[in-house]
file work.tsv (TSV, C-alpha atoms and all ligand atoms)
chain	number	residue	atom	x	y	z
J	8	MET	CA	-22.19	2.35	9.43
J	9	TYR	CA	-19.13	3.60	7.55
J	10	ALA	CA	-18.15	2.10	4.19
J	11	LEU	CA	-15.34	2.69	1.69
J	12	ARG	CA	-17.15	3.25	-1.59
J	13	LEU	CA	-16.05	3.48	-5.19
J	14	LEU	CA	-18.47	6.06	-6.59
J	15	SER	CA	-17.36	6.11	-10.23
J	16	TRP	CA	-14.69	4.63	-12.52
J	17	LYS	CA	-11.30	6.37	-12.50
J	18	SER	CA	-11.74	7.74	-9.00
J	19	GLU	CA	-10.45	7.36	-5.46
J	20	PRO	CA	-12.78	5.54	-3.05
J	21	VAL	CA	-14.60	7.60	-0.43
J	22	LEU	CA	-15.32	6.74	3.21
J	23	MET	CA	-18.95	7.61	3.85
J	24	GLU	CA	-21.92	6.76	6.05
J	25	VAL	CA	-24.47	4.29	4.66
J	26	GLU	CA	-27.42	2.29	6.03
J	27	ASP	CA	-26.64	-0.94	7.88
J	28	PRO	CA	-27.65	-3.91	5.68
J	29	ARG	CA	-30.46	-6.24	6.81
J	30	PRO	CA	-30.73	-9.81	5.55
J	31	GLY	CA	-33.67	-10.89	3.38
J	32	PRO	CA	-34.83	-14.52	3.23
J	33	GLY	CA	-31.86	-16.86	2.72
J	34	GLN	CA	-29.33	-14.05	3.25
J	35	VAL	CA	-26.81	-13.46	6.03
J	36	VAL	CA	-25.24	-10.28	7.38
J	37	ILE	CA	-21.63	-10.63	8.48
J	38	LYS	CA	-19.84	-8.39	10.96
J	39	VAL	CA	-16.63	-7.87	8.99
J	40	GLY	CA	-13.49	-9.03	10.79
J	41	GLY	CA	-11.09	-8.52	7.88
J	42	ALA	CA	-11.25	-7.22	4.31
J	43	GLY	CA	-8.16	-7.61	2.14
J	44	ALA	CA	-6.95	-4.85	-0.18
J	45	CYS	CA	-6.34	-6.52	-3.54
J	46	HIS	CA	-4.31	-5.05	-6.40
J	47	SER	CA	-7.40	-5.65	-8.56
J	48	ASP	CA	-9.07	-2.81	-6.63
J	49	LEU	CA	-6.33	-0.51	-7.93
J	50	HIS	CA	-7.21	-1.64	-11.46
J	51	LEU	CA	-10.87	-0.79	-10.64
J	52	MET	CA	-9.86	2.69	-9.45
J	53	HIS	CA	-7.43	3.49	-12.27
J	54	ASP	CA	-7.74	1.26	-15.32
J	55	PHE	CA	-11.39	0.40	-15.93
J	56	GLU	CA	-14.09	2.65	-17.30
J	57	GLY	CA	-16.84	0.29	-18.26
J	58	GLY	CA	-16.53	-2.95	-20.20
J	59	LEU	CA	-17.63	-4.96	-17.16
J	60	PRO	CA	-21.18	-6.23	-16.59
J	61	TRP	CA	-21.43	-4.01	-13.48
J	62	ALA	CA	-20.37	-0.53	-12.46
J	63	PRO	CA	-19.93	1.75	-9.44
J	64	PRO	CA	-21.20	2.85	-7.00
J	65	PHE	CA	-20.43	0.02	-4.57
J	66	THR	CA	-18.45	-0.64	-1.40
J	67	LEU	CA	-14.98	-2.09	-2.09
J	68	GLY	CA	-13.60	-5.28	-0.54
J	69	HIS	CA	-13.98	-8.66	-2.28
J	70	GLU	CA	-11.74	-10.61	0.14
J	71	ASN	CA	-13.73	-10.97	3.35
J	72	ALA	CA	-14.20	-12.86	6.58
J	73	GLY	CA	-15.97	-12.07	9.83
J	74	TRP	CA	-18.64	-13.29	12.21
J	75	VAL	CA	-22.27	-14.13	11.48
J	76	HIS	CA	-24.25	-11.11	12.68
J	77	GLU	CA	-27.83	-11.68	11.53
J	78	LEU	CA	-29.49	-14.62	9.75
J	79	GLY	CA	-32.25	-14.07	7.21
J	80	ALA	CA	-35.46	-16.11	7.29
J	81	GLY	CA	-34.91	-19.77	6.48
J	82	VAL	CA	-31.12	-19.84	6.97
J	83	THR	CA	-30.02	-22.87	8.96
J	84	GLY	CA	-26.65	-24.33	9.86
J	85	PHE	CA	-25.07	-21.11	11.14
J	86	GLU	CA	-25.14	-19.37	14.50
J	87	VAL	CA	-24.83	-15.69	15.34
J	88	GLY	CA	-21.22	-14.99	16.36
J	89	GLN	CA	-19.78	-17.87	14.35
J	90	PRO	CA	-16.57	-16.99	12.46
J	91	VAL	CA	-16.84	-17.48	8.69
J	92	ALA	CA	-14.97	-16.76	5.46
J	93	VAL	CA	-16.91	-15.44	2.49
J	94	TYR	CA	-16.63	-17.03	-0.97
J	95	GLY	CA	-16.42	-14.00	-3.25
J	96	PRO	CA	-17.67	-14.84	-6.78
J	97	TRP	CA	-21.42	-14.93	-6.47
J	98	GLY	CA	-23.13	-17.03	-9.16
J	99	CYS	CA	-26.71	-18.28	-9.57
J	100	GLY	CA	-26.13	-21.43	-7.51
J	101	SER	CA	-28.04	-23.75	-9.83
J	102	CYS	CA	-26.42	-23.84	-13.30
J	103	ALA	CA	-24.05	-26.73	-14.13
J	104	ARG	CA	-20.94	-24.79	-13.09
J	105	CYS	CA	-22.43	-23.39	-9.88
J	106	GLN	CA	-23.62	-26.86	-8.84
J	107	LEU	CA	-19.97	-27.89	-8.88
J	108	GLY	CA	-19.09	-24.76	-6.89
J	109	ILE	CA	-17.40	-23.09	-9.85
J	110	GLU	CA	-19.35	-19.88	-9.38
J	111	THR	CA	-16.62	-17.87	-11.11
J	112	TYR	CA	-17.99	-19.21	-14.37
J	113	CYS	CA	-21.73	-19.14	-13.66
J	114	GLU	CA	-23.56	-19.87	-16.90
J	115	ASN	CA	-26.79	-18.20	-15.88
J	116	PRO	CA	-25.39	-14.85	-14.74
J	117	MET	CA	-28.71	-13.05	-15.07
J	118	ALA	CA	-29.98	-15.25	-12.20
J	119	ALA	CA	-26.93	-14.42	-10.01
J	120	PRO	CA	-26.99	-11.65	-7.37
J	121	ILE	CA	-25.00	-9.66	-9.94
J	122	PRO	CA	-23.77	-10.89	-13.34
J	123	GLY	CA	-20.08	-11.75	-13.17
J	124	GLY	CA	-19.38	-10.05	-9.86
J	125	GLY	CA	-19.87	-10.25	-6.11
J	126	GLY	CA	-19.43	-8.20	-2.95
J	127	GLY	CA	-16.82	-5.53	-3.69
J	128	LEU	CA	-17.21	-6.18	-7.42
J	129	GLY	CA	-20.44	-4.45	-8.37
J	130	LEU	CA	-22.30	-5.19	-5.13
J	131	ASP	CA	-21.33	-3.84	-1.70
J	132	GLY	CA	-18.20	-5.50	-0.32
J	133	GLY	CA	-16.47	-5.89	3.01
J	134	MET	CA	-14.79	-2.50	3.53
J	135	ALA	CA	-17.58	-1.62	5.94
J	136	GLU	CA	-18.69	-2.69	9.37
J	137	TYR	CA	-21.26	-5.13	7.95
J	138	LEU	CA	-21.51	-7.12	4.73
J	139	LEU	CA	-24.69	-8.52	3.21
J	140	VAL	CA	-24.02	-12.01	1.84
J	141	PRO	CA	-26.85	-13.00	-0.53
J	142	ALA	CA	-26.84	-16.76	0.19
J	143	ALA	CA	-25.57	-18.92	3.04
J	144	ARG	CA	-23.71	-21.23	0.60
J	145	PHE	CA	-21.13	-18.43	0.20
J	146	LEU	CA	-20.03	-18.89	3.84
J	147	VAL	CA	-17.35	-21.33	4.98
J	148	PRO	CA	-17.06	-21.84	8.77
J	149	LEU	CA	-13.60	-21.06	10.16
J	150	THR	CA	-12.04	-23.85	12.17
J	151	ASP	CA	-9.04	-24.38	14.44
J	152	GLY	CA	-8.92	-20.80	15.64
J	153	LEU	CA	-8.21	-19.25	12.23
J	154	SER	CA	-9.08	-15.56	12.77
J	155	PRO	CA	-11.22	-13.59	10.30
J	156	ALA	CA	-8.29	-11.18	9.74
J	157	ALA	CA	-6.03	-14.07	8.67
J	158	ALA	CA	-8.81	-15.82	6.77
J	159	ALA	CA	-9.78	-12.78	4.69
J	160	PRO	CA	-6.69	-12.87	2.42
J	161	ILE	CA	-7.13	-16.62	2.00
J	162	THR	CA	-10.43	-16.02	0.15
J	163	ASP	CA	-8.67	-14.39	-2.83
J	164	ALA	CA	-4.89	-13.95	-2.34
J	165	GLY	CA	-4.92	-17.59	-1.19
J	166	LEU	CA	-7.73	-19.08	-3.29
J	167	THR	CA	-6.55	-17.63	-6.62
J	168	PRO	CA	-3.02	-19.10	-6.49
J	169	TYR	CA	-4.40	-22.30	-4.96
J	170	HIS	CA	-6.67	-22.79	-7.99
J	171	ALA	CA	-3.79	-21.94	-10.36
J	172	VAL	CA	-1.35	-24.32	-8.65
J	173	ARG	CA	-3.95	-27.08	-8.28
J	174	ARG	CA	-4.73	-27.22	-11.99
J	175	SER	CA	-1.00	-27.83	-12.63
J	176	TRP	CA	-0.42	-30.36	-9.80
J	177	HIS	CA	0.15	-33.19	-12.29
J	178	LYS	CA	3.12	-31.26	-13.73
J	179	LEU	CA	4.73	-30.61	-10.32
J	180	ALA	CA	6.20	-33.99	-9.42
J	181	PRO	CA	9.52	-34.26	-7.54
J	182	GLY	CA	12.34	-33.03	-9.76
J	183	THR	CA	10.26	-30.29	-11.38
J	184	THR	CA	10.54	-26.52	-11.09
J	185	ALA	CA	7.84	-23.89	-10.60
J	186	VAL	CA	8.44	-20.19	-11.20
J	187	VAL	CA	6.42	-17.55	-9.36
J	188	ILE	CA	6.58	-14.10	-10.96
J	189	GLY	CA	5.45	-11.37	-8.53
J	190	ALA	CA	5.59	-12.23	-4.84
J	191	GLY	CA	3.02	-9.75	-3.53
J	192	GLY	CA	-0.38	-10.51	-2.02
J	193	LEU	CA	-1.09	-13.45	-4.34
J	194	GLY	CA	2.48	-14.53	-5.04
J	195	HIS	CA	3.60	-14.88	-1.42
J	196	MET	CA	0.68	-17.25	-0.91
J	197	GLY	CA	1.50	-19.02	-4.18
J	198	VAL	CA	4.99	-19.83	-2.88
J	199	GLN	CA	3.57	-21.32	0.32
J	200	ILE	CA	0.89	-23.28	-1.53
J	201	LEU	CA	3.51	-24.76	-3.88
J	202	LYS	CA	5.61	-25.68	-0.86
J	203	ALA	CA	2.69	-27.20	1.06
J	204	THR	CA	1.16	-29.18	-1.80
J	205	THR	CA	3.99	-30.08	-4.23
J	206	ALA	CA	7.63	-31.15	-4.22
J	207	ALA	CA	8.66	-28.73	-6.98
J	208	ARG	CA	11.68	-26.47	-6.62
J	209	ILE	CA	10.42	-22.90	-6.39
J	210	VAL	CA	11.99	-19.95	-8.19
J	211	VAL	CA	10.62	-16.48	-7.38
J	212	VAL	CA	10.99	-13.35	-9.49
J	213	ASP	CA	10.21	-9.92	-8.04
J	214	GLN	CA	11.65	-6.45	-8.37
J	215	LYS	CA	11.36	-5.85	-4.62
J	216	GLU	CA	14.18	-7.11	-2.45
J	217	ASP	CA	11.93	-7.51	0.60
J	218	ALA	CA	9.45	-9.57	-1.44
J	219	LEU	CA	12.26	-11.92	-2.46
J	220	ALA	CA	13.51	-12.16	1.13
J	221	MET	CA	10.01	-13.02	2.35
J	222	ALA	CA	9.62	-15.61	-0.42
J	223	THR	CA	12.88	-17.25	0.68
J	224	SER	CA	11.70	-17.34	4.28
J	225	MET	CA	8.51	-19.05	3.04
J	226	GLY	CA	10.30	-21.79	1.14
J	227	ALA	CA	11.50	-20.41	-2.21
J	228	ASP	CA	14.63	-22.26	-3.35
J	229	HIS	CA	16.00	-19.55	-5.61
J	230	THR	CA	15.22	-15.86	-6.24
J	231	VAL	CA	15.76	-13.81	-9.37
J	232	VAL	CA	15.71	-10.06	-9.99
J	233	PRO	CA	13.84	-9.18	-13.21
J	234	GLY	CA	15.93	-7.83	-16.07
J	235	PRO	CA	17.75	-8.86	-19.22
J	236	GLU	CA	19.57	-11.74	-17.47
J	237	ALA	CA	16.53	-13.20	-15.68
J	238	ALA	CA	15.52	-15.74	-18.33
J	239	ALA	CA	19.07	-17.09	-18.73
J	240	GLU	CA	19.45	-17.30	-14.95
J	241	ILE	CA	16.26	-19.36	-14.60
J	242	ARG	CA	17.22	-21.60	-17.55
J	243	ASP	CA	20.64	-22.17	-15.93
J	244	TYR	CA	18.99	-23.02	-12.63
J	245	THR	CA	16.95	-25.70	-14.42
J	246	HIS	CA	20.07	-27.05	-16.22
J	247	GLY	CA	18.82	-25.60	-19.47
J	248	ILE	CA	15.46	-27.37	-19.65
J	249	GLY	CA	13.19	-24.67	-18.24
J	250	ALA	CA	10.41	-24.52	-15.68
J	251	ASP	CA	7.56	-27.03	-15.69
J	252	VAL	CA	5.07	-24.46	-14.44
J	253	VAL	CA	5.26	-20.67	-14.56
J	254	LEU	CA	2.73	-18.66	-12.56
J	255	ASP	CA	2.67	-15.03	-13.62
J	256	PHE	CA	1.09	-12.97	-10.84
J	257	VAL	CA	1.85	-9.71	-12.67
J	258	GLY	CA	0.65	-10.20	-16.24
J	259	ALA	CA	2.67	-7.36	-17.78
J	260	GLU	CA	4.29	-7.52	-21.20
J	261	ALA	CA	7.74	-8.17	-19.69
J	262	THR	CA	6.62	-10.87	-17.25
J	263	MET	CA	4.63	-12.79	-19.87
J	264	LYS	CA	7.63	-12.67	-22.19
J	265	LEU	CA	9.84	-13.92	-19.36
J	266	GLY	CA	7.35	-16.71	-18.61
J	267	ALA	CA	7.34	-17.89	-22.23
J	268	ALA	CA	11.14	-17.72	-22.35
J	269	VAL	CA	11.64	-19.95	-19.30
J	270	ALA	CA	8.81	-22.48	-19.72
J	271	ARG	CA	9.83	-26.08	-20.36
J	272	GLN	CA	8.44	-27.98	-23.34
J	273	LEU	CA	5.09	-29.55	-22.27
J	274	GLY	CA	4.97	-27.07	-19.37
J	275	ASP	CA	2.26	-24.69	-18.17
J	276	LEU	CA	2.34	-20.91	-18.39
J	277	THR	CA	-0.48	-19.55	-16.24
J	278	ILE	CA	-1.33	-15.86	-16.38
J	279	VAL	CA	-3.03	-14.66	-13.20
J	280	GLY	CA	-2.05	-10.98	-13.02
J	281	ILE	CA	-4.03	-8.48	-15.05
J	282	ALA	CA	-1.47	-5.76	-15.73
J	283	GLY	CA	-2.59	-5.69	-19.37
J	284	GLY	CA	0.32	-7.40	-21.13
J	285	THR	CA	-0.07	-9.55	-24.24
J	286	LEU	CA	1.93	-12.49	-25.50
J	287	PRO	CA	2.13	-13.38	-29.18
J	288	VAL	CA	1.49	-17.11	-29.59
J	289	SER	CA	2.49	-18.96	-32.74
J	290	PHE	CA	3.99	-22.32	-33.56
J	291	PHE	CA	7.58	-21.24	-32.96
J	292	SER	CA	7.09	-18.37	-30.48
J	293	VAL	CA	6.71	-20.55	-27.36
J	294	PRO	CA	8.29	-23.88	-26.40
J	295	TYR	CA	6.58	-26.93	-27.94
J	296	GLU	CA	3.33	-28.02	-26.28
J	297	VAL	CA	3.39	-25.38	-23.59
J	298	SER	CA	-0.15	-24.82	-22.32
J	299	ILE	CA	-0.90	-21.14	-21.87
J	300	GLN	CA	-3.86	-20.26	-19.72
J	301	THR	CA	-5.41	-17.52	-17.69
J	302	THR	CA	-7.06	-18.33	-14.38
J	303	TYR	CA	-9.73	-16.46	-12.48
J	304	TRP	CA	-10.16	-16.81	-8.69
J	305	GLY	CA	-11.27	-20.33	-7.62
J	306	SER	CA	-14.19	-22.60	-6.74
J	307	ARG	CA	-16.13	-23.03	-3.49
J	308	PRO	CA	-14.63	-26.51	-2.81
J	309	GLU	CA	-11.16	-25.07	-3.42
J	310	LEU	CA	-11.85	-22.36	-0.82
J	311	VAL	CA	-12.67	-25.10	1.71
J	312	GLU	CA	-9.38	-26.82	0.85
J	313	VAL	CA	-7.16	-23.75	1.01
J	314	LEU	CA	-8.77	-22.65	4.31
J	315	ASP	CA	-7.92	-26.09	5.67
J	316	LEU	CA	-4.26	-25.58	4.71
J	317	ALA	CA	-4.37	-22.30	6.65
J	318	ALA	CA	-6.22	-23.76	9.65
J	319	ARG	CA	-3.52	-26.43	9.90
J	320	GLY	CA	-0.78	-23.81	9.75
J	321	LEU	CA	0.65	-25.15	6.46
J	322	ILE	CA	0.19	-21.72	4.89
J	323	ALA	CA	-0.14	-18.33	6.62
J	324	PRO	CA	-0.68	-14.97	4.96
J	325	HIS	CA	1.75	-12.25	5.93
J	326	TYR	CA	-0.45	-9.21	6.50
J	327	THR	CA	-0.52	-5.71	7.94
J	328	THR	CA	-3.77	-4.39	9.41
J	329	PHE	CA	-5.30	-0.94	8.93
J	330	PRO	CA	-8.48	0.56	10.43
J	331	LEU	CA	-11.22	1.48	7.94
J	332	THR	CA	-10.30	5.16	8.36
J	333	GLU	CA	-6.86	4.34	6.87
J	334	ALA	CA	-8.08	2.13	4.02
J	335	VAL	CA	-7.36	4.78	1.37
J	336	GLU	CA	-3.82	5.07	2.75
J	337	ALA	CA	-3.48	1.26	2.58
J	338	TYR	CA	-4.33	1.37	-1.15
J	339	HIS	CA	-1.81	4.19	-1.66
J	340	ARG	CA	0.86	2.06	-0.03
J	341	LEU	CA	-0.12	-0.94	-2.14
J	342	GLU	CA	0.20	1.22	-5.25
J	343	LYS	CA	3.68	2.40	-4.22
J	344	GLY	CA	4.81	-1.18	-3.56
J	345	GLU	CA	5.06	-0.51	0.18
J	346	VAL	CA	2.84	-3.39	1.32
J	347	SER	CA	4.52	-6.71	1.94
J	348	GLY	CA	2.13	-9.64	1.71
J	349	ARG	CA	-1.41	-8.27	2.10
J	350	ALA	CA	-3.00	-5.17	3.65
J	351	VAL	CA	-6.09	-6.19	5.62
J	352	ILE	CA	-8.67	-3.60	6.68
J	353	LEU	CA	-10.29	-4.19	10.08
J	354	PRO	CA	-13.58	-2.28	10.02
J	401	LIG	P1	0.55	-6.93	-5.29
J	401	LIG	O1	0.71	-5.49	-5.65
J	401	LIG	O2	0.30	-7.29	-3.88
J	401	LIG	O3	1.81	-7.78	-5.79
J	401	LIG	C1	2.41	-7.61	-7.04
J	401	LIG	C2	3.87	-8.05	-6.91
J	401	LIG	O4	4.44	-8.13	-8.21
J	401	LIG	C3	4.72	-7.06	-6.10
J	401	LIG	O5	5.53	-7.74	-5.17
J	401	LIG	C4	5.57	-6.38	-7.17
J	401	LIG	O6	6.84	-5.95	-6.71
J	401	LIG	C5	5.71	-7.48	-8.21
J	401	LIG	N1	5.95	-7.00	-9.56
J	401	LIG	C6	5.32	-5.99	-10.22
J	401	LIG	N2	5.81	-5.85	-11.47
J	401	LIG	C7	6.78	-6.80	-11.60
J	401	LIG	C8	7.65	-7.19	-12.67
J	401	LIG	N3	7.61	-6.54	-13.84
J	401	LIG	N4	8.49	-8.22	-12.46
J	401	LIG	C9	8.52	-8.87	-11.28
J	401	LIG	N5	7.73	-8.55	-10.24
J	401	LIG	C10	6.87	-7.53	-10.40
J	401	LIG	O7	-0.66	-7.47	-6.22
J	401	LIG	P2	-1.65	-8.72	-5.96
J	401	LIG	O8	-2.81	-8.27	-5.15
J	401	LIG	O9	-0.85	-9.90	-5.58
J	401	LIG	O10	-2.23	-8.92	-7.44
J	401	LIG	C11	-1.37	-9.31	-8.50
J	401	LIG	C12	-2.11	-9.25	-9.82
J	401	LIG	O11	-3.09	-10.29	-9.86
J	401	LIG	C13	-2.89	-7.97	-10.06
J	401	LIG	O12	-2.84	-7.65	-11.45
J	401	LIG	C14	-4.30	-8.34	-9.68
J	401	LIG	O13	-5.27	-7.52	-10.28
J	401	LIG	C15	-4.35	-9.74	-10.19
J	401	LIG	N6	-5.37	-10.62	-9.60
J	401	LIG	C16	-5.88	-11.58	-10.42
J	401	LIG	C17	-6.79	-12.48	-9.94
J	401	LIG	C18	-7.35	-13.53	-10.84
J	401	LIG	O14	-8.27	-14.22	-10.43
J	401	LIG	N7	-6.80	-13.74	-12.01
J	401	LIG	C19	-7.20	-12.41	-8.60
J	401	LIG	C20	-6.66	-11.44	-7.77
J	401	LIG	C21	-5.72	-10.55	-8.28
J	402	ZN	ZN	-8.75	-9.73	-5.82
J	403	ZN	ZN	-24.64	-20.32	-12.08

call {"tool": "encode", "arguments": {"input": "work.tsv", "output": "structure tokens"}}
result
Amino acid sequence: MYALRLLSWKSEPVLMEVEDPRPGPGQVVIKVGGAGACHSDLHLMHDFEGGLPWAPPFTLGHENAGWVHELGAGVTGFEVGQPVAVYGPWGCGSCARCQLGIETYCENPMAAPIPGGGGGLGLDGGMAEYLLVPAARFLVPLTDGLSPAAAAPITDAGLTPYHAVRRSWHKLAPGTTAVVIGAGGLGHMGVQILKATTAARIVVVDQKEDALAMATSMGADHTVVPGPEAAAEIRDYTHGIGADVVLDFVGAEATMKLGAAVARQLGDLTIVGIAGGTLPVSFFSVPYEVSIQTTYWGSRPELVEVLDLAARGLIAPHYTTFPLTEAVEAYHRLEKGEVSGRAVILP
């Protein structure tokens, strides 16, 4: 089969022929029906050179869905041809965190398929015709006609903002305001998830006009162009009190500074994007009792929940499809800001 492989740090991925995977006991091979192109893959290609518990070579694609193709010995509960989404962070399955489905924070990583990674993050991912999934618990059946192409972005671009929004639900009562900074792959889902699961007013900040227009069509109440006036504009919109929850899907110096400037006292500032910014925190540098947190991906139960939102049509990723032969071009477009919503590769 063909696969899009990252062969070394600081390099472009290469489309090459590799062996088809076969499932061992307890494993499942998926025929890939959609693999999302995440901005994190651009960080893998350009920004990292070690410092992670795993390294290239591996096949890219950590946002996957498809159809069960071949079941390993002992796997029950799935049928060949069944459509499934793949939970991406692969933990050990038996430590305290993994038992709760929080495999992002596996506490026995040496017993995981790969420490701190998954398919497309150290192990072979979904930018190939077939994907080896090391345990059946990583599969969630797709219901209500949700297609693998639409489900793929839900597994990361949907799950990551869902987890971030969910942990702030208690601060998003009617009358509150949420700010989404960066309305790309993750952010455009974040807007819909806020709309579907909270009553907060939604303010969206993005430098791209089309991203703001799409956010408005998906339920944003107010849009703001980044720049020197952005913080004052958001404060004005909230009658001076600030935003209860700020979700920064960029994570650059400027966006984190903006987030801290517009957060309400007792609010949440959640940093999801990994553009490398830092934010000085001291007693007087941020509003009183603001909780500042990073979030990483989401849990298995949260994937079930966010897929249910999608199956019911309460959220729907906006995506453009590319064949595997154009995956490199899809990443180039993502880098140039020419993708709206998500790019999904259909191997
Ligand atoms: P994307 O390229 O699809 O979207 C980024 C959006 O942010 C674009 O619309 C862009 O115009 C906008 N933007 C960029 N700089 C901006 C600025 N200074 N002000 C306002 N808007 C700005 O990227 P994505 O796939 O949605 O990923 C977003 C970030 O989240 C990346 O850094 C990615 O690596 C990271 N990420 C984190 C997690 C996690 O678990 N924490 C998971 C997935 C992705
Ligand atoms: Zn990702
Ligand atoms: Zn574990």

call {"tool": "residues_near_ligand", "arguments": {"input": "work.tsv", "ligand": "ligand LIG 401 (chain J)", "cutoff": "8 Å", "atoms": "only C-alpha atoms and all ligand atoms", "output": "VMD selection string"}}
result
chain J and resid 44 to 50 163 to 164 167 188 to 195 212 to 215 218 232 to 233 256 to 259 261 to 262 278 to 282 301 to 305 341 to 342 344 346 to 349

call {"tool": "residues_near_ligand", "arguments": {"input": "work.tsv", "ligand": "ligand ZN 403 (chain J)", "cutoff": "9 Å", "atoms": "only C-alpha atoms and all ligand atoms", "output": "number ranges by chain"}}
result
J: 97-106, 108-119

call {"tool": "axis_aligned_box", "arguments": {"input": "work.tsv", "around": "segment 253-256 of chain J", "padding_each_side": "8 Å", "output": "JSON"}}
result
{"center_x": 3.2, "center_y": -16.8, "center_z": -12.7, "size_x": 20.2, "size_y": 23.7, "size_z": 19.7}

call {"tool": "closest_residue", "arguments": {"input": "work.tsv", "among": "J:Gly197, J:Pro160, J:Gly234, J:Gly81", "to": "Leu254 of chain J", "atoms": "all atoms listed in the file"}}
result
J:Gly197

call {"tool": "closest_residue", "arguments": {"input": "work.tsv", "among": "J:Pro90, J:Met225, J:Glu336, J:Gln300", "to": "Gly152 of chain J", "atoms": "only C-alpha atoms"}}
result
J:Pro90

call {"tool": "residues_around", "arguments": {"input": "work.tsv", "residues": "Ala62 of chain J", "least_positions_apart": "2", "cutoff": "10 Å", "atoms": "all atoms listed in the file", "output": "PyMOL selection string"}}
result
chain J and resi 13-16+51+55-60+64-65+124+128-130

call {"tool": "residues_around", "arguments": {"input": "work.tsv", "residues": "segment 153-156 of chain J", "least_positions_apart": "2", "cutoff": "9 Å", "atoms": "all atoms listed in the file", "output": "PyMOL selection string"}}
result
chain J and resi 39-43+71-74+90-92+149-151+158-160+314+317-319+326+328+351-353

call {"tool": "atom_distance", "arguments": {"input": "work.tsv", "atom1": "atom CA of Val297 of chain J", "atom2": "atom CA of Ala270 of chain J"}}
result
7.3 Å

call {"tool": "closest_residue", "arguments": {"input": "work.tsv", "among": "J:Arg208, J:Lys264, J:Ala350, J:Val311", "to": "ligand ZN 402 (chain J)", "atoms": "only C-alpha atoms and all ligand atoms"}}
result
J:Ala350

call {"tool": "closest_residue", "arguments": {"input": "work.tsv", "among": "J:Pro141, J:Lys17, J:Ala180, J:Phe85", "to": "His53 of chain J", "atoms": "all atoms listed in the file"}}
result
J:Lys17

call {"tool": "closest_residue", "arguments": {"input": "work.tsv", "among": "J:Ala250, J:Ala267, J:Thr327, J:Arg307", "to": "Ser292 of chain J", "atoms": "only C-alpha atoms"}}
result
J:Ala267

call {"tool": "build_atoms", "arguments": {"input": "work.tsv", "residues": "segment 268-278 of chain J", "atoms": "N, CA, C and O atoms", "output": "PDB file, in the frame of the given file"}}
result
ATOM      1  N   ALA J 268       9.722 -17.433 -22.085  1.00  0.00           N
ATOM      2  CA  ALA J 268      11.140 -17.720 -22.350  1.00  0.00           C
ATOM      3  C   ALA J 268      11.688 -18.811 -21.430  1.00  0.00           C
ATOM      4  O   ALA J 268      12.667 -19.465 -21.768  1.00  0.00           O
ATOM      5  N   VAL J 269      11.078 -18.991 -20.262  1.00  0.00           N
ATOM      6  CA  VAL J 269      11.640 -19.950 -19.300  1.00  0.00           C
ATOM      7  C   VAL J 269      10.812 -21.227 -19.166  1.00  0.00           C
ATOM      8  O   VAL J 269      11.188 -22.141 -18.446  1.00  0.00           O
ATOM      9  N   ALA J 270       9.647 -21.288 -19.855  1.00  0.00           N
ATOM     10  CA  ALA J 270       8.810 -22.480 -19.720  1.00  0.00           C
ATOM     11  C   ALA J 270       9.478 -23.678 -20.394  1.00  0.00           C
ATOM     12  O   ALA J 270      10.134 -23.546 -21.428  1.00  0.00           O
ATOM     13  N   ARG J 271       9.304 -24.828 -19.805  1.00  0.00           N
ATOM     14  CA  ARG J 271       9.830 -26.080 -20.360  1.00  0.00           C
ATOM     15  C   ARG J 271       8.852 -26.604 -21.432  1.00  0.00           C
ATOM     16  O   ARG J 271       7.641 -26.376 -21.324  1.00  0.00           O
ATOM     17  N   GLN J 272       9.343 -27.318 -22.396  1.00  0.00           N
ATOM     18  CA  GLN J 272       8.440 -27.980 -23.340  1.00  0.00           C
ATOM     19  C   GLN J 272       7.447 -28.833 -22.547  1.00  0.00           C
ATOM     20  O   GLN J 272       7.818 -29.457 -21.559  1.00  0.00           O
ATOM     21  N   LEU J 273       6.195 -28.842 -22.958  1.00  0.00           N
ATOM     22  CA  LEU J 273       5.090 -29.550 -22.270  1.00  0.00           C
ATOM     23  C   LEU J 273       4.679 -28.885 -20.957  1.00  0.00           C
ATOM     24  O   LEU J 273       3.853 -29.417 -20.221  1.00  0.00           O
ATOM     25  N   GLY J 274       5.270 -27.724 -20.641  1.00  0.00           N
ATOM     26  CA  GLY J 274       4.970 -27.070 -19.370  1.00  0.00           C
ATOM     27  C   GLY J 274       3.680 -26.255 -19.408  1.00  0.00           C
ATOM     28  O   GLY J 274       2.937 -26.267 -20.393  1.00  0.00           O
ATOM     29  N   ASP J 275       3.419 -25.578 -18.284  1.00  0.00           N
ATOM     30  CA  ASP J 275       2.260 -24.690 -18.170  1.00  0.00           C
ATOM     31  C   ASP J 275       2.739 -23.261 -17.943  1.00  0.00           C
ATOM     32  O   ASP J 275       3.625 -23.033 -17.117  1.00  0.00           O
ATOM     33  N   LEU J 276       2.132 -22.332 -18.661  1.00  0.00           N
ATOM     34  CA  LEU J 276       2.340 -20.910 -18.390  1.00  0.00           C
ATOM     35  C   LEU J 276       0.977 -20.338 -18.022  1.00  0.00           C
ATOM     36  O   LEU J 276       0.067 -20.294 -18.852  1.00  0.00           O
ATOM     37  N   THR J 277       0.827 -19.975 -16.753  1.00  0.00           N
ATOM     38  CA  THR J 277      -0.480 -19.550 -16.240  1.00  0.00           C
ATOM     39  C   THR J 277      -0.437 -18.070 -15.893  1.00  0.00           C
ATOM     40  O   THR J 277       0.369 -17.646 -15.078  1.00  0.00           O
ATOM     41  N   ILE J 278      -1.319 -17.325 -16.541  1.00  0.00           N
ATOM     42  CA  ILE J 278      -1.330 -15.860 -16.380  1.00  0.00           C
ATOM     43  C   ILE J 278      -2.462 -15.496 -15.418  1.00  0.00           C
ATOM     44  O   ILE J 278      -3.643 -15.678 -15.724  1.00  0.00           O
TER      45      ILE J 278
END
